[in-house]
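> Next up, entry38.tsv (TSV, C-alpha atoms and all ligand atoms).
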chain	number	residue	atom	x	y	z
A	948	MET	CA	8.24	-14.12	23.42
A	949	PRO	CA	5.32	-15.85	25.16
A	950	PRO	CA	3.38	-18.30	23.04
A	951	VAL	CA	0.31	-16.79	21.45
A	952	SER	CA	-2.56	-18.56	19.85
A	953	LEU	CA	-3.85	-17.07	16.66
A	954	PRO	CA	-7.48	-18.04	16.57
A	955	GLY	CA	-9.19	-17.90	13.25
A	956	SER	CA	-6.12	-17.83	11.05
A	957	ALA	CA	-4.67	-21.28	11.70
A	958	ASP	CA	-5.62	-22.57	8.29
A	959	LEU	CA	-4.47	-19.48	6.44
A	960	ALA	CA	-2.14	-21.26	4.04
A	961	ALA	CA	-4.77	-23.79	3.04
A	962	VAL	CA	-7.40	-21.14	2.59
A	963	ARG	CA	-5.08	-19.07	0.43
A	964	ASP	CA	-4.26	-22.06	-1.72
A	965	SER	CA	-7.82	-23.03	-2.35
A	966	VAL	CA	-9.48	-19.64	-2.56
A	967	GLN	CA	-6.89	-17.50	-4.27
A	968	MET	CA	-5.00	-19.95	-6.45
A	969	GLY	CA	-7.52	-22.62	-7.21
A	970	ASN	CA	-7.61	-21.71	-10.88
A	971	ALA	CA	-3.85	-21.15	-11.11
A	972	ALA	CA	-4.42	-17.42	-11.22
A	973	TYR	CA	-3.99	-15.14	-8.25
A	974	SER	CA	-6.08	-12.13	-7.39
A	975	HIS	CA	-6.60	-10.02	-4.29
A	976	GLY	CA	-10.08	-10.71	-3.06
A	977	GLU	CA	-12.55	-8.48	-1.33
A	978	SER	CA	-11.57	-7.27	2.09
A	979	GLU	CA	-13.32	-9.08	4.91
A	980	PHE	CA	-13.70	-6.28	7.44
A	981	THR	CA	-15.33	-3.35	5.70
A	982	ASP	CA	-16.61	-1.20	8.55
A	983	ARG	CA	-16.06	2.49	7.98
A	984	ILE	CA	-14.92	5.28	10.25
A	985	VAL	CA	-17.22	8.14	9.37
A	986	ASP	CA	-18.05	11.65	10.47
A	987	GLU	CA	-21.71	10.97	11.18
A	988	PRO	CA	-23.75	10.97	14.37
A	989	GLY	CA	-24.61	7.59	15.86
A	990	THR	CA	-22.02	5.62	13.93
A	991	PRO	CA	-20.23	2.79	15.76
A	992	TRP	CA	-16.84	4.08	14.56
A	993	PRO	CA	-16.85	7.88	14.67
A	994	VAL	CA	-14.03	10.06	13.42
A	995	GLU	CA	-12.10	10.82	16.61
A	996	PRO	CA	-8.46	11.89	16.76
A	997	GLY	CA	-6.33	9.66	19.01
A	998	ARG	CA	-8.78	6.76	18.93
A	999	TYR	CA	-7.43	4.63	16.07
A	1000	ARG	CA	-4.11	3.07	15.15
A	1001	LEU	CA	-3.05	2.28	11.62
A	1002	ILE	CA	-1.08	-0.94	11.35
A	1003	ALA	CA	1.02	-1.04	8.21
A	1004	SER	CA	3.83	-2.90	6.57
A	1005	LEU	CA	6.10	-0.47	4.77
A	1006	ALA	CA	6.69	-3.26	2.27
A	1007	CYS	CA	3.05	-3.54	1.27
A	1008	PRO	CA	1.78	-1.35	-1.56
A	1009	TRP	CA	-1.80	-1.37	-0.23
A	1010	ALA	CA	-0.73	-0.34	3.28
A	1011	SER	CA	1.74	2.20	1.91
A	1012	ARG	CA	-1.11	4.03	0.20
A	1013	VAL	CA	-2.59	4.69	3.61
A	1014	VAL	CA	0.73	5.78	5.11
A	1015	LEU	CA	1.17	8.17	2.19
A	1016	VAL	CA	-2.33	9.67	2.25
A	1017	ARG	CA	-2.22	10.03	6.04
A	1018	ARG	CA	1.02	11.99	5.67
A	1019	LEU	CA	-0.12	14.21	2.79
A	1020	LEU	CA	-3.28	15.07	4.71
A	1021	GLY	CA	-1.36	15.66	7.95
A	1022	LEU	CA	-3.32	13.06	9.89
A	1023	GLU	CA	-0.27	11.77	11.74
A	1024	HIS	CA	-1.39	13.57	14.92
A	1025	ALA	CA	-4.88	12.05	14.67
A	1026	ILE	CA	-4.15	8.42	13.74
A	1027	SER	CA	-1.02	6.78	15.12
A	1028	LEU	CA	1.09	4.34	13.12
A	1029	GLY	CA	2.37	0.90	14.04
A	1030	VAL	CA	4.85	-0.70	11.64
A	1031	VAL	CA	5.18	-4.47	11.41
A	1032	ASP	CA	8.24	-6.57	10.68
A	1033	PRO	CA	8.65	-6.82	6.90
A	1034	ILE	CA	8.90	-10.58	7.24
A	1035	HIS	CA	5.71	-12.08	8.59
A	1036	ASP	CA	5.89	-15.56	10.06
A	1037	GLU	CA	3.89	-18.46	8.65
A	1038	LEU	CA	0.68	-17.09	10.03
A	1039	ASP	CA	0.86	-13.44	10.67
A	1040	TRP	CA	2.35	-9.97	10.75
A	1041	ARG	CA	4.41	-9.36	13.88
A	1042	PHE	CA	5.59	-6.40	15.95
A	1043	THR	CA	9.19	-7.56	16.23
A	1044	LEU	CA	10.53	-4.10	15.40
A	1045	ASP	CA	9.17	-2.85	18.73
A	1046	ALA	CA	10.67	-3.48	22.16
A	1047	ASP	CA	9.88	-7.04	23.32
A	1048	GLY	CA	8.01	-7.61	20.07
A	1049	VAL	CA	4.98	-5.76	21.43
A	1050	ASP	CA	3.17	-2.90	19.75
A	1051	PRO	CA	3.56	-0.10	22.33
A	1052	VAL	CA	0.01	1.22	21.93
A	1053	LEU	CA	-2.03	-1.94	21.43
A	1054	GLY	CA	0.10	-4.23	23.62
A	1055	ILE	CA	-0.09	-7.10	21.12
A	1056	HIS	CA	2.57	-9.32	19.49
A	1057	HIS	CA	0.63	-10.28	16.38
A	1058	LEU	CA	-1.95	-8.46	14.30
A	1059	ALA	CA	-4.25	-11.47	14.66
A	1060	GLU	CA	-4.81	-10.51	18.29
A	1061	ALA	CA	-6.68	-7.41	17.10
A	1062	TYR	CA	-8.69	-9.57	14.70
A	1063	ALA	CA	-9.50	-11.99	17.51
A	1064	ALA	CA	-10.62	-9.11	19.73
A	1065	ARG	CA	-13.09	-8.24	17.00
A	1066	GLN	CA	-14.49	-11.68	16.23
A	1067	ALA	CA	-13.72	-15.31	16.93
A	1068	LYS	CA	-13.14	-16.48	13.37
A	1069	TRP	CA	-12.34	-14.99	10.03
A	1070	VAL	CA	-11.66	-16.45	6.63
A	1071	ASN	CA	-8.82	-14.81	4.77
A	1072	GLY	CA	-5.99	-14.50	7.26
A	1073	THR	CA	-4.78	-11.16	8.50
A	1074	SER	CA	-3.73	-8.36	6.23
A	1075	VAL	CA	-2.36	-4.86	6.26
A	1076	PRO	CA	-3.40	-2.09	6.16
A	1077	ALA	CA	-5.49	-2.56	9.29
A	1078	ILE	CA	-7.11	0.09	11.44
A	1079	VAL	CA	-7.55	-0.83	15.08
A	1080	ASP	CA	-9.71	0.84	17.71
A	1081	VAL	CA	-7.26	1.55	20.53
A	1082	PRO	CA	-9.65	1.51	23.54
A	1083	SER	CA	-11.13	-1.91	22.69
A	1084	GLY	CA	-8.15	-3.33	20.80
A	1085	GLN	CA	-10.51	-4.44	18.03
A	1086	LEU	CA	-9.83	-4.41	14.34
A	1087	VAL	CA	-12.17	-1.92	12.65
A	1088	THR	CA	-11.28	-2.34	8.99
A	1089	ASN	CA	-8.76	-3.93	6.64
A	1090	ASP	CA	-10.53	-2.54	3.59
A	1091	PHE	CA	-7.56	-1.27	1.61
A	1092	ALA	CA	-9.75	0.14	-1.15
A	1093	ARG	CA	-11.86	2.29	1.18
A	1094	ILE	CA	-9.54	3.48	3.96
A	1095	THR	CA	-7.73	6.20	2.00
A	1096	LEU	CA	-10.93	7.57	0.50
A	1097	ASP	CA	-12.38	7.94	3.98
A	1098	LEU	CA	-9.22	9.67	5.22
A	1099	SER	CA	-9.81	12.20	2.46
A	1100	ALA	CA	-13.56	12.62	2.78
A	1101	GLN	CA	-14.41	11.86	6.43
A	1102	TRP	CA	-11.43	13.26	8.34
A	1103	THR	CA	-11.41	16.71	6.71
A	1104	ALA	CA	-11.90	18.52	10.03
A	1105	HIS	CA	-8.53	17.15	11.15
A	1106	HIS	CA	-6.51	17.61	7.95
A	1107	ARG	CA	-3.46	19.85	8.28
A	1108	GLU	CA	-3.58	23.37	6.98
A	1109	GLY	CA	-2.60	23.23	3.30
A	1110	ALA	CA	-3.59	19.58	2.86
A	1111	PRO	CA	-4.28	18.72	-0.77
A	1112	ASP	CA	-7.69	17.46	-1.91
A	1113	LEU	CA	-6.76	14.01	-3.14
A	1114	TYR	CA	-10.31	12.99	-4.07
A	1115	PRO	CA	-11.93	16.17	-5.43
A	1116	GLU	CA	-15.67	15.85	-6.07
A	1117	ALA	CA	-15.43	17.31	-9.55
A	1118	TRP	CA	-12.95	14.67	-10.70
A	1119	ARG	CA	-14.24	11.58	-8.92
A	1120	ASP	CA	-15.70	9.82	-11.93
A	1121	GLU	CA	-12.48	10.09	-13.87
A	1122	ILE	CA	-10.34	9.22	-10.85
A	1123	ASP	CA	-12.48	6.12	-10.21
A	1124	GLU	CA	-12.26	5.08	-13.84
A	1125	VAL	CA	-8.48	5.41	-13.98
A	1126	MET	CA	-8.05	3.70	-10.62
A	1127	GLY	CA	-10.27	0.86	-11.79
A	1128	ARG	CA	-8.00	0.01	-14.69
A	1129	VAL	CA	-4.83	0.58	-12.67
A	1130	TYR	CA	-6.12	-1.78	-9.98
A	1131	THR	CA	-7.04	-4.64	-12.29
A	1132	ASP	CA	-4.26	-4.37	-14.83
A	1133	PHE	CA	-1.39	-3.16	-12.69
A	1134	ASN	CA	-1.74	-3.17	-8.88
A	1135	ASP	CA	-3.30	-6.62	-8.84
A	1136	ALA	CA	-1.88	-7.97	-12.10
A	1137	VAL	CA	1.75	-7.82	-10.94
A	1138	TYR	CA	0.72	-10.26	-8.19
A	1139	GLY	CA	-1.12	-12.28	-10.82
A	1140	ALA	CA	2.14	-12.63	-12.75
A	1141	GLY	CA	4.22	-13.34	-9.66
A	1142	PHE	CA	1.92	-15.92	-8.09
A	1143	ALA	CA	0.67	-17.58	-11.28
A	1144	ARG	CA	0.80	-21.35	-11.29
A	1145	SER	CA	0.42	-21.86	-15.00
A	1146	GLN	CA	2.07	-20.38	-18.05
A	1147	GLN	CA	-1.28	-19.26	-19.30
A	1148	ALA	CA	-2.21	-17.42	-16.12
A	1149	TYR	CA	1.22	-15.80	-16.03
A	1150	GLY	CA	0.97	-14.74	-19.67
A	1151	ARG	CA	-2.41	-13.16	-19.12
A	1152	SER	CA	-1.21	-11.08	-16.18
A	1153	TYR	CA	2.05	-10.15	-17.89
A	1154	GLY	CA	0.06	-8.89	-20.89
A	1155	GLN	CA	-2.25	-6.86	-18.63
A	1156	VAL	CA	0.70	-5.25	-16.84
A	1157	PHE	CA	2.48	-4.07	-19.94
A	1158	SER	CA	-0.54	-2.95	-21.90
A	1159	CYS	CA	-1.51	-0.92	-18.83
A	1160	LEU	CA	1.98	0.57	-18.57
A	1161	ASP	CA	1.88	1.48	-22.27
A	1162	TRP	CA	-1.48	3.18	-21.75
A	1163	LEU	CA	-0.19	5.04	-18.69
A	1164	SER	CA	2.95	6.12	-20.48
A	1165	GLN	CA	0.90	7.57	-23.29
A	1166	ARG	CA	-1.53	9.28	-20.94
A	1167	LEU	CA	1.27	10.82	-18.90
A	1168	THR	CA	3.18	12.14	-21.92
A	1169	THR	CA	1.17	15.34	-22.00
A	1170	ARG	CA	-0.11	15.59	-18.43
A	1171	ARG	CA	1.86	15.75	-15.22
A	1172	TYR	CA	-0.69	13.82	-13.15
A	1173	LEU	CA	-3.17	11.11	-14.01
A	1174	VAL	CA	-6.32	13.19	-13.54
A	1175	GLY	CA	-6.59	16.99	-13.52
A	1176	ASP	CA	-3.63	19.21	-12.72
A	1177	HIS	CA	-2.76	17.99	-9.26
A	1178	LEU	CA	-1.87	14.90	-7.33
A	1179	THR	CA	-4.90	12.73	-6.61
A	1180	GLU	CA	-5.73	9.35	-5.12
A	1181	ALA	CA	-5.22	7.93	-8.63
A	1182	ASP	CA	-1.54	8.91	-8.55
A	1183	VAL	CA	-1.17	7.54	-5.03
A	1184	ARG	CA	-2.48	4.14	-6.10
A	1185	LEU	CA	-0.28	4.02	-9.16
A	1186	PHE	CA	2.75	5.25	-7.25
A	1187	THR	CA	2.95	2.54	-4.61
A	1188	THR	CA	3.11	-0.18	-7.26
A	1189	LEU	CA	5.31	1.80	-9.65
A	1190	VAL	CA	7.97	2.55	-7.05
A	1191	ARG	CA	8.34	-1.18	-6.26
A	1192	PHE	CA	8.47	-2.24	-9.87
A	1193	ASP	CA	12.14	-2.18	-10.84
A	1194	ALA	CA	13.34	-3.49	-7.49
A	1195	VAL	CA	10.77	-6.25	-7.06
A	1196	TYR	CA	8.15	-6.93	-9.70
A	1197	HIS	CA	10.54	-6.82	-12.65
A	1198	ALA	CA	12.65	-9.75	-11.45
A	1199	HIS	CA	10.80	-11.42	-8.58
A	1200	PHE	CA	7.36	-11.39	-10.23
A	1201	LYS	CA	8.75	-11.88	-13.75
A	1202	CYS	CA	7.31	-8.63	-15.10
A	1203	ASN	CA	10.41	-8.18	-17.16
A	1204	ARG	CA	9.52	-6.81	-20.58
A	1205	ASN	CA	11.14	-3.60	-19.44
A	1206	LYS	CA	11.85	-1.61	-16.31
A	1207	ILE	CA	10.10	1.65	-15.43
A	1208	SER	CA	13.50	3.33	-15.68
A	1209	GLU	CA	13.57	2.30	-19.35
A	1210	ASP	CA	10.35	4.15	-20.17
A	1211	PRO	CA	11.27	7.87	-20.27
A	1212	VAL	CA	7.75	9.08	-19.45
A	1213	LEU	CA	7.06	6.73	-16.55
A	1214	ASP	CA	10.61	7.15	-15.28
A	1215	ALA	CA	10.20	10.94	-15.11
A	1216	TYR	CA	6.69	10.65	-13.60
A	1217	LEU	CA	7.98	8.34	-10.89
A	1218	LEU	CA	10.98	10.59	-10.15
A	1219	ASP	CA	8.64	13.56	-9.86
A	1220	LEU	CA	6.46	11.76	-7.32
A	1221	VAL	CA	9.42	10.42	-5.36
A	1222	GLN	CA	10.77	13.96	-5.08
A	1223	THR	CA	7.42	15.33	-3.92
A	1224	PRO	CA	7.51	15.93	-0.13
A	1225	GLY	CA	5.02	13.63	1.58
A	1226	VAL	CA	5.25	11.01	-1.17
A	1227	GLY	CA	8.83	9.74	-1.57
A	1228	ASP	CA	9.52	10.19	2.14
A	1229	THR	CA	6.99	7.46	2.98
A	1230	VAL	CA	8.93	4.79	1.07
A	1231	ASN	CA	11.33	2.38	2.71
A	1232	MET	CA	13.08	0.31	0.08
A	1233	ALA	CA	14.78	-1.91	2.66
A	1234	HIS	CA	11.42	-3.10	4.00
A	1235	ILE	CA	10.17	-3.58	0.46
A	1236	LYS	CA	13.04	-5.75	-0.70
A	1237	HIS	CA	13.34	-7.75	2.51
A	1238	HIS	CA	9.64	-8.55	2.51
A	1239	TYR	CA	9.25	-9.67	-1.08
A	1240	TYR	CA	12.51	-11.56	-1.44
A	1241	GLY	CA	12.71	-12.75	2.17
A	1242	ALA	CA	9.11	-13.67	2.95
A	1243	LEU	CA	7.75	-14.99	-0.34
A	1244	ARG	CA	9.92	-18.12	-0.22
A	1245	MET	CA	7.83	-20.04	-2.71
A	1246	LEU	CA	9.23	-17.64	-5.30
A	1247	ASN	CA	12.71	-17.28	-3.80
A	1248	PRO	CA	13.55	-20.33	-1.68
A	1249	SER	CA	16.98	-19.06	-0.58
A	1250	GLY	CA	15.51	-15.84	0.78
A	1251	ILE	CA	18.50	-13.97	-0.61
A	1252	VAL	CA	17.74	-10.29	-1.09
A	1253	PRO	CA	19.42	-8.97	-4.23
A	1254	GLY	CA	21.81	-6.05	-3.96
A	1255	GLY	CA	20.38	-4.02	-6.84
A	1256	PRO	CA	19.13	-2.32	-8.71
A	1257	ARG	CA	21.03	0.91	-8.15
A	1258	GLN	CA	18.43	3.66	-8.35
A	1259	ASP	CA	19.19	7.36	-8.45
A	1260	TRP	CA	16.06	9.14	-7.29
A	1261	THR	CA	17.63	12.59	-7.40
A	1262	ARG	CA	17.84	12.86	-11.20
A	1263	PRO	CA	16.01	15.83	-12.79
A	1264	HIS	CA	12.60	14.94	-14.23
A	1265	HIS	CA	11.52	18.21	-15.91
A	1266	ARG	CA	7.85	17.33	-15.36
A	1267	GLU	CA	7.10	20.87	-14.07
A	1268	GLN	CA	7.20	21.89	-17.75
A	1269	LEU	CA	3.87	20.11	-18.23
A	1270	GLY	CA	2.19	22.53	-15.80
A	1271	GLY	CA	0.20	21.41	-12.78
A	1272	SER	CA	1.37	21.32	-9.19
A	1273	PRO	CA	1.28	18.59	-6.60
A	1274	TYR	CA	-0.87	20.12	-3.85
A	1275	GLY	CA	-3.28	22.37	-5.80
A	1276	ASP	CA	-4.03	25.32	-3.52
A	1277	GLY	CA	-2.27	23.51	-0.70
A	1278	THR	CA	1.29	23.30	0.56
A	1279	PRO	CA	3.82	20.52	1.26
A	1280	PRO	CA	3.82	18.83	4.66
A	1281	THR	CA	6.19	20.49	7.09
A	1282	ARG	CA	6.32	17.69	9.64
A	1283	PRO	CA	9.35	15.40	9.31
A	1284	SER	CA	8.54	11.96	7.95
A	1285	GLU	CA	8.09	9.22	10.57
A	1286	ILE	CA	9.34	6.59	8.16
A	1287	PRO	CA	12.81	5.32	9.04
A	1288	ASP	CA	15.53	5.00	6.42
A	1289	TYR	CA	13.40	6.64	3.80
A	1290	ARG	CA	16.50	7.62	1.91
A	1291	TRP	CA	16.29	4.43	-0.01
A	1292	GLN	CA	18.93	2.21	1.46
A	1293	ALA	CA	18.25	-1.40	0.70
B	1301	LIG	N1	-6.36	-8.57	0.24
B	1301	LIG	C1	-5.98	-7.69	1.30
B	1301	LIG	C2	-5.36	-6.46	0.69
B	1301	LIG	C3	-4.11	-6.03	1.31
B	1301	LIG	C4	-3.01	-7.06	1.17
B	1301	LIG	O1	-3.05	-7.91	0.28
B	1301	LIG	N2	-2.04	-7.01	2.04
B	1301	LIG	C5	-1.00	-8.01	2.05
B	1301	LIG	C6	0.40	-7.43	2.16
B	1301	LIG	S1	0.90	-6.61	0.70
B	1301	LIG	C7	-1.20	-8.87	3.27
B	1301	LIG	O2	-1.27	-8.40	4.37
B	1301	LIG	N3	-1.28	-10.17	3.04
B	1301	LIG	C8	-1.39	-11.12	4.09
B	1301	LIG	C9	-0.12	-11.85	4.30
B	1301	LIG	O3	0.85	-11.58	3.57
B	1301	LIG	O4	-0.08	-12.67	5.22
B	1301	LIG	C10	-7.23	-7.45	2.10
B	1301	LIG	O5	-7.88	-8.41	2.33
B	1301	LIG	O6	-7.55	-6.33	2.52
Could the structure of this file be written out as structure tokens, please?

Amino acid sequence: MPPVSLPGSADLAAVRDSVQMGNAAYSHGESEFTDRIVDEPGTPWPVEPGRYRLIASLACPWASRVVLVRRLLGLEHAISLGVVDPIHDELDWRFTLDADGVDPVLGIHHLAEAYAARQAKWVNGTSVPAIVDVPSGQLVTNDFARITLDLSAQWTAHHREGAPDLYPEAWRDEIDEVMGRVYTDFNDAVYGAGFARSQQAYGRSYGQVFSCLDWLSQRLTTRRYLVGDHLTEADVRLFTTLVRFDAVYHAHFKCNRNKISEDPVLDAYLLDLVQTPGVGDTVNMAHIKHHYYGALRMLNPSGIVPGGPRQDWTRPHHREQLGGSPYGDGTPPTRPSEIPDYRWQA
């Protein structure tokens, strides 16, 4: 592979240390590139099928949300997908899964090259999900909190027939409220526990995680989905953390009061989602385990990827008895999943 310089991200490790862990507690910060692709005249980044490429790690819960929503909405034909190596090197995500280590559409080895095409310097290192403008090779956005909402609300003209409404107007306030708590106390707090550098910081995050799981378990006892009667963005955001929990966060991030499989309500909820076409078939457990155990060496210096846990995702969940249906008036995706090895080999 030819040498590449990665302008702008050379001091990534130092920046991470000082910005994200300075107080011994870890938290995902704001995204740095927050441009939006919108369906409005005169916008710099218009909705345009074929123009943009989603760069994702199948290991990453934030990127996996986008892969999942893109699939449920049937936007695969409109926005192409590039998948990075689950193990990033010291500085960056790489395209080593592709021939010659080059993304076949963007012609780049490292994600940082798309960042550098956009601007000379940036602060927080590179991150996935990233959406890149194919003609210019420039990063458009890495705003994980916004991208999926815009796929739902701005790309409607290109959704597949039968696509579900994952962010229905009538439920937005409640969806936002639920997602707010899930973000702080679960999506982000598992990282807070895993990356904590003091007992106190760890204890705080651990407490947040399990009080949130208790709240979710109670909420989901009588309802099939988090908000309303159908799958929404709130379920998507919970799902991508929940599905990683027993394999990764329980041991690796020390969130070990109990596993999801030990909570009958959350276990059944997760099984239901995994078995929903367009949801479970976006998950690649091999990428997940190799990334967390192989790349986060400060937590696992040997890099050894554990063999377990054995997970049977085909068990009955009986959640249909609660009523509700995944796609509302819509239908399941008919396109085969693009995700390799989605049958859960690790
Ligand atoms: N904080 C990220 C959110 C997404 C995120 O944290 N992605 C992780 C992977 S799960 C990432 O790419 N981190 C950079 C790295 O691992 O080098 C952002 O700025 O948008």
> Residues within 6 Å of ligand LIG 1301 (chain B), counting only C-alpha atoms and all ligand atoms: report them as an MDAnalysis selection string.
chainID A and resid 975:978 1007:1009 1039 1073:1075 1089:1091
> Under the rule that all atoms listed in the file are counted, which of A:Val1030, A:Leu1185, A:Leu1220, A:Ala1100 is the nearest residue to Tyr1130 (chain A)?
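Going through A:Val1030, A:Leu1185, A:Leu1220, A:Ala1100 one by one, the smallest distance to Tyr1130 (chain A) is for A:Leu1185.
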> In Å, with one decimal, what is the gap from CA of Val1031 (chain A) to CA of Leu1218 (chain A)?
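So the two atoms, CA of Val1031 (chain A) and CA of Leu1218 (chain A), lie 26.9 Å apart.
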> Could you list, as number ranges by chain, every residue within 9 Å of Glu1267 (chain A), counting all atoms listed in the file and ignoring same-chain residues fewer than 3 positions away?
A: 1171, 1219, 1264, 1270-1272
> For the residues in that selection, give me C-alpha atoms as a PDB file, in the coordinates of the input.

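The result, stored in again32.pdb:
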ATOM      1  CA  ARG A1171       1.860  15.750 -15.220  1.00  0.00           C
ATOM      2  CA  ASP A1219       8.640  13.560  -9.860  1.00  0.00           C
ATOM      3  CA  HIS A1264      12.600  14.940 -14.230  1.00  0.00           C
ATOM      4  CA  GLY A1270       2.190  22.530 -15.800  1.00  0.00           C
ATOM      5  CA  GLY A1271       0.200  21.410 -12.780  1.00  0.00           C
ATOM      6  CA  SER A1272       1.370  21.320  -9.190  1.00  0.00           C
TER       7      SER A1272
END
> Can you work out which one of A:Trp992, A:Trp1260, A:Trp1102, A:Tyr1114 has the shortest atom-to-atom distance to Val1183 (chain A), counting all atoms listed in the file?
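Among the listed residues, the smallest separation from Val1183 (chain A) belongs to A:Tyr1114.
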> Hey, can you check how far CA of Thr1187 (chain A) sits from CA of Val1174 (chain A)?
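Value for the CA of Thr1187 (chain A)-CA of Val1174 (chain A) distance: 16.7 Å.
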> Please report the interatomic distance between CA of Val1087 (chain A) and CA of Phe980 (chain A) in Å with one decimal.
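About the pair CA of Val1087 (chain A) and CA of Phe980 (chain A): they are 7.0 Å apart.
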> Select all residues near (-11.2, 0.0, 9.9) (cut-off 12 Å, inclusive, file coordinates), counting only C-alpha atoms, and output them as a VMD selection string.
chain A and resid 978 to 985 991 to 994 998 to 1002 1013 1026 1061 to 1062 1065 1074 to 1081 1084 to 1095 1097 to 1098
> Got time to write the residues from that selection, C-alpha atoms, as a PDB file, in the frame of the given file?

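The result, written out as selection.pdb:
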ATOM      1  CA  SER A 978     -11.570  -7.270   2.090  1.00  0.00           C
ATOM      2  CA  GLU A 979     -13.320  -9.080   4.910  1.00  0.00           C
ATOM      3  CA  PHE A 980     -13.700  -6.280   7.440  1.00  0.00           C
ATOM      4  CA  THR A 981     -15.330  -3.350   5.700  1.00  0.00           C
ATOM      5  CA  ASP A 982     -16.610  -1.200   8.550  1.00  0.00           C
ATOM      6  CA  ARG A 983     -16.060   2.490   7.980  1.00  0.00           C
ATOM      7  CA  ILE A 984     -14.920   5.280  10.250  1.00  0.00           C
ATOM      8  CA  VAL A 985     -17.220   8.140   9.370  1.00  0.00           C
ATOM      9  CA  PRO A 991     -20.230   2.790  15.760  1.00  0.00           C
ATOM     10  CA  TRP A 992     -16.840   4.080  14.560  1.00  0.00           C
ATOM     11  CA  PRO A 993     -16.850   7.880  14.670  1.00  0.00           C
ATOM     12  CA  VAL A 994     -14.030  10.060  13.420  1.00  0.00           C
ATOM     13  CA  ARG A 998      -8.780   6.760  18.930  1.00  0.00           C
ATOM     14  CA  TYR A 999      -7.430   4.630  16.070  1.00  0.00           C
ATOM     15  CA  ARG A1000      -4.110   3.070  15.150  1.00  0.00           C
ATOM     16  CA  LEU A1001      -3.050   2.280  11.620  1.00  0.00           C
ATOM     17  CA  ILE A1002      -1.080  -0.940  11.350  1.00  0.00           C
ATOM     18  CA  VAL A1013      -2.590   4.690   3.610  1.00  0.00           C
ATOM     19  CA  ILE A1026      -4.150   8.420  13.740  1.00  0.00           C
ATOM     20  CA  ALA A1061      -6.680  -7.410  17.100  1.00  0.00           C
ATOM     21  CA  TYR A1062      -8.690  -9.570  14.700  1.00  0.00           C
ATOM     22  CA  ARG A1065     -13.090  -8.240  17.000  1.00  0.00           C
ATOM     23  CA  SER A1074      -3.730  -8.360   6.230  1.00  0.00           C
ATOM     24  CA  VAL A1075      -2.360  -4.860   6.260  1.00  0.00           C
ATOM     25  CA  PRO A1076      -3.400  -2.090   6.160  1.00  0.00           C
ATOM     26  CA  ALA A1077      -5.490  -2.560   9.290  1.00  0.00           C
ATOM     27  CA  ILE A1078      -7.110   0.090  11.440  1.00  0.00           C
ATOM     28  CA  VAL A1079      -7.550  -0.830  15.080  1.00  0.00           C
ATOM     29  CA  ASP A1080      -9.710   0.840  17.710  1.00  0.00           C
ATOM     30  CA  VAL A1081      -7.260   1.550  20.530  1.00  0.00           C
ATOM     31  CA  GLY A1084      -8.150  -3.330  20.800  1.00  0.00           C
ATOM     32  CA  GLN A1085     -10.510  -4.440  18.030  1.00  0.00           C
ATOM     33  CA  LEU A1086      -9.830  -4.410  14.340  1.00  0.00           C
ATOM     34  CA  VAL A1087     -12.170  -1.920  12.650  1.00  0.00           C
ATOM     35  CA  THR A1088     -11.280  -2.340   8.990  1.00  0.00           C
ATOM     36  CA  ASN A1089      -8.760  -3.930   6.640  1.00  0.00           C
ATOM     37  CA  ASP A1090     -10.530  -2.540   3.590  1.00  0.00           C
ATOM     38  CA  PHE A1091      -7.560  -1.270   1.610  1.00  0.00           C
ATOM     39  CA  ALA A1092      -9.750   0.140  -1.150  1.00  0.00           C
ATOM     40  CA  ARG A1093     -11.860   2.290   1.180  1.00  0.00           C
ATOM     41  CA  ILE A1094      -9.540   3.480   3.960  1.00  0.00           C
ATOM     42  CA  THR A1095      -7.730   6.200   2.000  1.00  0.00           C
ATOM     43  CA  ASP A1097     -12.380   7.940   3.980  1.00  0.00           C
ATOM     44  CA  LEU A1098      -9.220   9.670   5.220  1.00  0.00           C
TER      45      LEU A1098
END
> Once you count only C-alpha atoms, which residues end up no further than 12 Å from (7.1, 8.7, 12.2) in the file's frame, shown as number ranges by chain?
A: 1005, 1014-1015, 1017-1018, 1021-1024, 1026-1030, 1225, 1228-1230, 1282-1289
> Now that the selection is made, can you save its residues with C-alpha atoms as a short mmCIF file (atom, residue, chain, number, x, y, z; two decimals), in the coordinates of the input?

data_model
loop_
_atom_site.label_atom_id
_atom_site.label_comp_id
_atom_site.auth_asym_id
_atom_site.auth_seq_id
_atom_site.Cartn_x
_atom_site.Cartn_y
_atom_site.Cartn_z
CA LEU A 1005 6.10 -0.47 4.77
CA VAL A 1014 0.73 5.78 5.11
CA LEU A 1015 1.17 8.17 2.19
CA ARG A 1017 -2.22 10.03 6.04
CA ARG A 1018 1.02 11.99 5.67
CA GLY A 1021 -1.36 15.66 7.95
CA LEU A 1022 -3.32 13.06 9.89
CA GLU A 1023 -0.27 11.77 11.74
CA HIS A 1024 -1.39 13.57 14.92
CA ILE A 1026 -4.15 8.42 13.74
CA SER A 1027 -1.02 6.78 15.12
CA LEU A 1028 1.09 4.34 13.12
CA GLY A 1029 2.37 0.90 14.04
CA VAL A 1030 4.85 -0.70 11.64
CA GLY A 1225 5.02 13.63 1.58
CA ASP A 1228 9.52 10.19 2.14
CA THR A 1229 6.99 7.46 2.98
CA VAL A 1230 8.93 4.79 1.07
CA ARG A 1282 6.32 17.69 9.64
CA PRO A 1283 9.35 15.40 9.31
CA SER A 1284 8.54 11.96 7.95
CA GLU A 1285 8.09 9.22 10.57
CA ILE A 1286 9.34 6.59 8.16
CA PRO A 1287 12.81 5.32 9.04
CA ASP A 1288 15.53 5.00 6.42
CA TYR A 1289 13.40 6.64 3.80
#
